[in-house]
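**Q** First, the structure itself, so that you have it in front of you.
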Amino acid sequence: MLRLLTPLAKLWTGKLAVKICSETLECFGGAGYIEDTGLPQLLRDAQVYAIWEGTTNVLSLDSLRALAGDSLGALRTVSTGWLEGNDDMHAASTIRQTLDAAARWLDQHGNQRGQLEAGARGLAFTLARCAAAALLARQATWSTQHDDRRPAAALQRFVRRGLDRLVAPDADNTTLLLG
Ligand SMILES: Cc1cc2nc3c(=O)[nH]c(=O)nc-3n(C[C@H](O)[C@H](O)[C@H](O)COP(=O)(O)OP(=O)(O)OC[C@H]3O[C@@H](n4cnc5c(N)ncnc54)[C@H](O)[C@@H]3O)c2cc1C
């Protein structure tokens, strides 16, 4: 599981950092673009994560390597544990259904290397979102018991944006684009 979670965490947070810093600059309006505020540097520096953590493509291939073992089964088992005690049934069933869809996607494309690699980013983002949602559910369970409903609200909002980022690469297009 750690072999899978490591590239997933690196590639997803690397991409998220850029988006979040960009939104942060925008929150400040025009001032966010002005160098003296120090804000543009945050955005510039965030861009390095998706590069020096190993690049998104290469980390997606790392996650495929981890998936050659039974790491997806391990992720499913650990996610079930993270969901224990959480009363958001919609989140739990969305996570399970999305992990099932990922397993079917792997079965379907597992023996076509080109298609597998062409869809590797989508698969990695899907699994990263499932793991993040399950961890957020664990936090929400604890926080709700301590009178803080915000993580539960965040979980609801996150899951409603959908966890599935799987793509079905067209074989002809893949060959054409790889050529
Ligand atoms: C500021 C900075 C600090 C760094 N510090 C360290 C450090 O302390 N220690 C360290 O070990 N490294 C460090 N690095 C190196 C960093 O890990 C590499 O830059 C990174 O792994 C990308 O490798 P690369 O530069 O050789 O790019 P390349 O591997 O040449 O990648 C170029 C492009 O090709 C894509 N690509 C490459 N291979 C494939 C493939 N098989 N399939 C599909 N696409 C592919 C990549 O996604 C990328 O878009 C640092 C880099 C930077 C920018």
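Ordering of the structure tokens sets the chain letters (A, B, ...); residue numbers start at 1 within each chain; ligands are numbered from 1 in the order shown.
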Show me which residues sit within 7 Å of ligand 1 when counting only C-alpha atoms and all ligand atoms, and put them as a list in words.

**A** Val48, Ile51, Trp52, Glu53, Gly54, Thr55, Thr56, Asn57 and Val58 of chain A

**Q** With only C-alpha atoms as the counted atoms, please give the residues lying no more than 12 Å from A:Ala68, apart from itself and same-chain residues fewer than 3 positions off, as a ChimeraX atom specification.

**A** /A:1,3-4,61-65,71-73,103,106-107,110-111,116

**Q** Pick out the residues sitting within 8 Å of A:Cys130, and hand them over as a list in words; count only C-alpha atoms, and ignore anything fewer than 4 positions along from it in its own chain.

**A** Ile95, Thr98, Leu99, Thr126, Ala134 and Leu163 of chain A

**Q** Write out as a VMD selection string the residues lying within 10 Å of A:Leu178, counting only C-alpha atoms and excluding same-chain residues fewer than 5 positions away.

**A** chain A and resid 114 118 172 to 173

**Q** Please report, as JSON lines, each residue of stretch 41-143 of chain A lying at most 6 Å from stretch 18-23 of chain A, together with the nearest pair of atoms and the separation in Å rounded to one decimal; use only C-alpha atoms, and order rows by chain and ascending residue number.

**A**
{"residue": "A:Leu43", "atom": "CA", "partner": "A:Cys21", "partner_atom": "CA", "distance": 5.2}
{"residue": "A:Ala46", "atom": "CA", "partner": "A:Val18", "partner_atom": "CA", "distance": 5.3}
{"residue": "A:Gln47", "atom": "CA", "partner": "A:Val18", "partner_atom": "CA", "distance": 5.7}

**Q** From a DSSP calculation on the backbone, collect every residue of stretch 5-178 of chain A in helix (DSSP H, G or I) and output the set as a PyMOL selection string.

**A** chain A and resi 5-27+29-33+35-37+39-46+49-52+56-67+71-83+89-109+113-118+120-145+150-160+171-178

**Q** Now that the selection is made, can you save its residues with C-alpha atoms as a compact mmCIF listing (two decimals), in the first residue's frame?

**A**
# COMPACT_ATOMS: atom_id res chain seq x y z
CA LEU A 5 0.39 5.74 -1.80
CA THR A 6 3.85 7.30 -2.13
CA PRO A 7 3.67 8.14 -5.87
CA LEU A 8 -0.05 8.99 -5.55
CA ALA A 9 0.55 11.48 -2.74
CA LYS A 10 3.48 13.04 -4.57
CA LEU A 11 1.78 13.44 -7.93
CA TRP A 12 -1.58 14.67 -6.63
CA THR A 13 -0.26 17.14 -4.05
CA GLY A 14 2.29 18.39 -6.61
CA LYS A 15 -0.50 19.30 -9.02
CA LEU A 16 -2.80 20.60 -6.25
CA ALA A 17 -0.11 22.96 -4.95
CA VAL A 18 -0.06 24.85 -8.26
CA LYS A 19 -3.87 25.15 -8.41
CA ILE A 20 -4.17 26.20 -4.77
CA CYS A 21 -1.42 28.81 -5.05
CA SER A 22 -3.04 30.16 -8.21
CA GLU A 23 -6.41 30.48 -6.41
CA THR A 24 -4.64 32.08 -3.45
CA LEU A 25 -3.15 34.78 -5.69
CA GLU A 26 -6.57 35.39 -7.22
CA CYS A 27 -8.10 35.86 -3.74
CA GLY A 29 -7.11 40.33 -6.73
CA GLY A 30 -4.61 42.48 -8.59
CA ALA A 31 -2.39 42.65 -5.51
CA GLY A 32 -1.83 38.88 -5.84
CA TYR A 33 0.06 39.54 -9.08
CA GLU A 35 5.87 40.82 -6.85
CA ASP A 36 6.36 42.92 -3.66
CA THR A 37 3.60 40.95 -1.87
CA LEU A 39 2.63 35.94 -3.45
CA PRO A 40 3.84 35.39 -7.04
CA GLN A 41 6.86 33.59 -5.61
CA LEU A 42 4.54 31.05 -3.95
CA LEU A 43 3.01 30.19 -7.32
CA ARG A 44 6.42 30.03 -9.02
CA ASP A 45 7.85 27.79 -6.30
CA ALA A 46 4.77 25.52 -6.24
CA TYR A 49 6.74 20.09 -6.85
CA ALA A 50 5.24 18.48 -9.95
CA ILE A 51 8.78 18.38 -11.39
CA TRP A 52 11.16 17.51 -8.58
CA THR A 56 3.38 13.41 -12.97
CA ASN A 57 3.94 11.02 -15.88
CA VAL A 58 6.79 9.19 -14.21
CA LEU A 59 4.95 8.95 -10.87
CA SER A 60 1.90 7.60 -12.72
CA LEU A 61 4.13 4.88 -14.17
CA ASP A 62 5.49 4.21 -10.65
CA SER A 63 1.92 3.73 -9.42
CA LEU A 64 1.26 1.27 -12.28
CA ARG A 65 4.30 -0.71 -11.13
CA ALA A 66 2.91 -0.80 -7.58
CA LEU A 67 -0.46 -1.91 -8.95
CA SER A 71 -1.72 -2.79 -3.73
CA LEU A 72 -5.21 -1.96 -4.98
CA GLY A 73 -6.61 -4.67 -2.69
CA ALA A 74 -4.51 -3.19 0.13
CA LEU A 75 -5.86 0.30 -0.60
CA ARG A 76 -9.39 -1.06 -0.52
CA THR A 77 -8.78 -2.74 2.85
CA VAL A 78 -7.16 0.30 4.42
CA SER A 79 -9.89 2.61 3.05
CA THR A 80 -12.55 0.42 4.67
CA GLY A 81 -10.73 0.93 7.99
CA TRP A 82 -10.54 4.72 7.45
CA LEU A 83 -14.29 4.80 6.76
CA MET A 89 -23.07 6.67 3.45
CA HIS A 90 -22.91 8.53 0.15
CA ALA A 91 -19.17 9.16 0.55
CA ALA A 92 -18.51 5.55 1.57
CA SER A 93 -20.42 4.07 -1.36
CA THR A 94 -18.85 6.54 -3.85
CA ILE A 95 -15.35 5.57 -2.66
CA ARG A 96 -16.13 1.84 -2.92
CA GLN A 97 -17.78 2.16 -6.33
CA THR A 98 -14.89 4.23 -7.67
CA LEU A 99 -12.30 1.71 -6.41
CA ASP A 100 -14.35 -1.04 -8.11
CA ALA A 101 -14.40 0.99 -11.34
CA ALA A 102 -10.61 1.42 -11.10
CA ALA A 103 -10.17 -2.35 -10.66
CA ARG A 104 -12.38 -2.99 -13.74
CA TRP A 105 -10.41 -0.39 -15.72
CA LEU A 106 -7.16 -2.19 -14.82
CA ASP A 107 -8.63 -5.57 -15.84
CA GLN A 108 -9.77 -4.09 -19.13
CA HIS A 109 -6.51 -2.35 -20.09
CA ARG A 113 0.69 -1.42 -22.43
CA GLY A 114 0.08 1.64 -24.64
CA GLN A 115 -3.46 2.16 -23.41
CA LEU A 116 -2.48 1.41 -19.83
CA GLU A 117 0.20 4.13 -19.94
CA ALA A 118 -2.08 6.57 -21.80
CA ALA A 120 -2.15 6.02 -16.13
CA ARG A 121 -2.61 9.65 -15.04
CA GLY A 122 -6.40 9.28 -14.89
CA LEU A 123 -6.06 6.08 -12.88
CA ALA A 124 -3.56 7.66 -10.49
CA PHE A 125 -5.72 10.76 -9.90
CA THR A 126 -8.75 8.51 -9.32
CA LEU A 127 -6.96 6.41 -6.70
CA ALA A 128 -5.45 9.50 -5.07
CA ARG A 129 -8.91 11.09 -4.77
CA CYS A 130 -10.35 7.86 -3.27
CA ALA A 131 -7.53 7.65 -0.71
CA ALA A 132 -7.92 11.36 0.13
CA ALA A 133 -11.70 11.01 0.54
CA ALA A 134 -11.31 8.00 2.84
CA LEU A 135 -8.71 9.82 4.96
CA LEU A 136 -10.95 12.88 5.10
CA ALA A 137 -13.77 10.60 6.30
CA ARG A 138 -11.51 9.36 9.11
CA GLN A 139 -10.75 12.96 10.09
CA ALA A 140 -14.46 13.86 9.85
CA THR A 141 -15.38 11.02 12.22
CA TRP A 142 -12.90 12.24 14.83
CA SER A 143 -13.74 15.93 14.40
CA THR A 144 -17.50 15.36 14.57
CA GLN A 145 -16.99 13.60 17.91
CA ARG A 150 -16.30 21.19 9.09
CA PRO A 151 -14.32 18.14 7.89
CA ALA A 152 -17.66 16.28 7.36
CA ALA A 153 -18.89 19.23 5.28
CA ALA A 154 -15.62 19.30 3.34
CA LEU A 155 -15.93 15.56 2.69
CA GLN A 156 -19.45 15.99 1.33
CA ARG A 157 -18.37 18.78 -0.99
CA PHE A 158 -15.23 16.93 -2.15
CA VAL A 159 -17.05 13.66 -2.93
CA ARG A 160 -19.82 15.50 -4.79
CA ALA A 171 -6.32 2.67 -29.20
CA ASP A 172 -5.94 4.34 -32.61
CA ASN A 173 -5.44 7.79 -31.13
CA THR A 174 -2.92 6.42 -28.65
CA THR A 175 -0.88 4.81 -31.43
CA LEU A 176 -1.07 7.98 -33.52
CA LEU A 177 -0.08 10.26 -30.63
CA LEU A 178 2.73 7.99 -29.42

**Q** Could you jot down the atom CA of A:Leu166 to atom CA of A:Gly85 separation for me, Å, one decimal place?

**A**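 If I compute the distance from atom CA of A:Leu166 to atom CA of A:Gly85, I get 28.5 Å.
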
**Q** If I take atom CA of A:Asp70 and atom CA of A:Leu2, how far is one from the other in Å, to one decimal?

**A**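 Pair atom CA of A:Asp70 / atom CA of A:Leu2 returns 11.5 Å.
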
**Q** Under the rule that only C-alpha atoms are counted, which of A:Asp170, A:Asp88, A:Asp147, A:Gly69 is the nearest residue to A:Gly119?

**A**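 Using only C-alpha atoms, the shortest distance to A:Gly119 belongs to A:Asp170.
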